Amino acid sequence: MTATAARDDAEVYDLRGLKCPLPVMKTRKRLSTMDAGSTLWVETTDPLAVIDIPHFCHEDGHALEASERVEAGHRFLIRKKA
């Protein structure tokens, strides 16, 4: 699967409006229900997410495939560890 296909097939998880630590907690819970190797876009308005989400991915072994600034905040493309 190409990176573009991963972006197109990824589920979008809208966590806008939630403050730390909820975006990471909810992302961890959602990923726990997903198959290994699947991808998830996480959308957030929490300014600390640019620190917290990459740290969470590193600590839990998930791949952070993209991090993008958007008008309302940030979005992250995470591939669940195998």
# chains A, B, ... in the order shown; residues from 1 in each chain; ligands from 1
>>> residues_around(residues="Val50 (chain A)", least_positions_apart="4", cutoff="10 Å", atoms="only C-alpha atoms", output="PDB file with C-alpha atoms, in the first residue's frame")
ATOM      1  CA  THR A  44      -7.362  17.888  17.311  1.00  0.00           C
ATOM      2  CA  THR A  45      -7.462  21.517  18.376  1.00  0.00           C
ATOM      3  CA  ASP A  46      -5.398  20.928  21.541  1.00  0.00           C
ATOM      4  CA  PRO A  54       4.241  12.138  18.595  1.00  0.00           C
ATOM      5  CA  HIS A  55       5.413  11.204  22.103  1.00  0.00           C
ATOM      6  CA  SER A  67       1.597  15.613  11.031  1.00  0.00           C
ATOM      7  CA  GLU A  68      -0.190  18.531   9.423  1.00  0.00           C
ATOM      8  CA  ARG A  69      -1.239  21.953  10.610  1.00  0.00           C
ATOM      9  CA  GLY A  73      -5.490  22.836  14.757  1.00  0.00           C
ATOM     10  CA  HIS A  74      -3.558  19.735  13.746  1.00  0.00           C
ATOM     11  CA  ARG A  75      -4.110  16.333  12.238  1.00  0.00           C
ATOM     12  CA  PHE A  76      -1.941  13.272  12.603  1.00  0.00           C
TER      13      PHE A  76
END
>>> residues_around(residues="Val42 (chain A)", least_positions_apart="2", cutoff="10 Å", atoms="only C-alpha atoms", output="JSON, numbers by chain")
{"A": [10, 11, 12, 13, 14, 15, 16, 23, 24, 26, 27, 39, 40, 44, 49, 53, 67, 74, 75, 76, 77, 78]}
>>> write_last_selection(atoms="C-alpha atoms", output="PDB file, in the first residue's frame")
ATOM      1  CA  ALA A  10      -7.501   5.906   6.976  1.00  0.00           C
ATOM      2  CA  GLU A  11     -10.392   6.396   9.354  1.00  0.00           C
ATOM      3  CA  VAL A  12     -10.793   9.942  10.697  1.00  0.00           C
ATOM      4  CA  TYR A  13     -11.108  10.372  14.460  1.00  0.00           C
ATOM      5  CA  ASP A  14     -12.406  13.845  15.358  1.00  0.00           C
ATOM      6  CA  LEU A  15     -11.077  14.907  18.757  1.00  0.00           C
ATOM      7  CA  ARG A  16     -11.407  18.641  18.174  1.00  0.00           C
ATOM      8  CA  PRO A  23      -6.762  13.282  22.792  1.00  0.00           C
ATOM      9  CA  VAL A  24      -4.014  10.790  23.674  1.00  0.00           C
ATOM     10  CA  LYS A  26      -8.983   8.436  23.305  1.00  0.00           C
ATOM     11  CA  THR A  27      -6.470   7.753  20.520  1.00  0.00           C
ATOM     12  CA  THR A  39      -4.145   3.829   9.855  1.00  0.00           C
ATOM     13  CA  LEU A  40      -6.034   6.525  11.710  1.00  0.00           C
ATOM     14  CA  THR A  44      -7.362  17.888  17.311  1.00  0.00           C
ATOM     15  CA  ALA A  49      -1.149  17.598  20.769  1.00  0.00           C
ATOM     16  CA  ILE A  53       0.690  12.659  19.946  1.00  0.00           C
ATOM     17  CA  SER A  67       1.597  15.613  11.031  1.00  0.00           C
ATOM     18  CA  HIS A  74      -3.558  19.735  13.746  1.00  0.00           C
ATOM     19  CA  ARG A  75      -4.110  16.333  12.238  1.00  0.00           C
ATOM     20  CA  PHE A  76      -1.941  13.272  12.603  1.00  0.00           C
ATOM     21  CA  LEU A  77      -1.788  10.077  10.557  1.00  0.00           C
ATOM     22  CA  ILE A  78      -0.932   7.132  12.792  1.00  0.00           C
TER      23      ILE A  78
END
>>> closest_residue(among="A:Asp60, A:Glu43, A:Asp52, A:Asp9", to="Leu31 (chain A)", atoms="only C-alpha atoms")
A:Asp60
>>> select_by_dssp(residues="chain A", states="strand (DSSP E)", output="list of chain:residue names")
A:Glu11, A:Val12, A:Tyr13, A:Asp14, A:Thr39, A:Leu40, A:Trp41, A:Val42, A:Glu43, A:Thr44, A:Ala63, A:Leu64, A:Glu65, A:Ala66, A:Ser67, A:Glu68, A:Arg69, A:Val70, A:Gly73, A:His74, A:Arg75, A:Phe76, A:Leu77, A:Ile78, A:Arg79
>>> write_last_selection(atoms="C-alpha atoms", output="PDB file, in the first residue's frame")
ATOM      1  CA  GLU A  11     -10.392   6.396   9.354  1.00  0.00           C
ATOM      2  CA  VAL A  12     -10.793   9.942  10.697  1.00  0.00           C
ATOM      3  CA  TYR A  13     -11.108  10.372  14.460  1.00  0.00           C
ATOM      4  CA  ASP A  14     -12.406  13.845  15.358  1.00  0.00           C
ATOM      5  CA  THR A  39      -4.145   3.829   9.855  1.00  0.00           C
ATOM      6  CA  LEU A  40      -6.034   6.525  11.710  1.00  0.00           C
ATOM      7  CA  TRP A  41      -6.227  10.275  11.144  1.00  0.00           C
ATOM      8  CA  VAL A  42      -6.539  12.087  14.490  1.00  0.00           C
ATOM      9  CA  GLU A  43      -7.857  15.651  14.295  1.00  0.00           C
ATOM     10  CA  THR A  44      -7.362  17.888  17.311  1.00  0.00           C
ATOM     11  CA  ALA A  63       4.283   5.035  13.353  1.00  0.00           C
ATOM     12  CA  LEU A  64       3.457   8.719  13.009  1.00  0.00           C
ATOM     13  CA  GLU A  65       3.242   8.927   9.220  1.00  0.00           C
ATOM     14  CA  ALA A  66       2.090  12.537   8.903  1.00  0.00           C
ATOM     15  CA  SER A  67       1.597  15.613  11.031  1.00  0.00           C
ATOM     16  CA  GLU A  68      -0.190  18.531   9.423  1.00  0.00           C
ATOM     17  CA  ARG A  69      -1.239  21.953  10.610  1.00  0.00           C
ATOM     18  CA  VAL A  70      -4.809  22.694   9.571  1.00  0.00           C
ATOM     19  CA  GLY A  73      -5.490  22.836  14.757  1.00  0.00           C
ATOM     20  CA  HIS A  74      -3.558  19.735  13.746  1.00  0.00           C
ATOM     21  CA  ARG A  75      -4.110  16.333  12.238  1.00  0.00           C
ATOM     22  CA  PHE A  76      -1.941  13.272  12.603  1.00  0.00           C
ATOM     23  CA  LEU A  77      -1.788  10.077  10.557  1.00  0.00           C
ATOM     24  CA  ILE A  78      -0.932   7.132  12.792  1.00  0.00           C
ATOM     25  CA  ARG A  79      -0.226   3.562  11.659  1.00  0.00           C
TER      26      ARG A  79
END
>>> atom_distance(atom1="CA of Leu48 (chain A)", atom2="CA of Pro21 (chain A)")
9.0 Å
>>> closest_residue(among="A:Lys81, A:Met34, A:Leu22, A:Lys29", to="Gly61 (chain A)", atoms="only C-alpha atoms")
A:Lys81
>>> select_by_dssp(residues="chain A", states="alpha helix (DSSP H)", output="count of residues only")
30
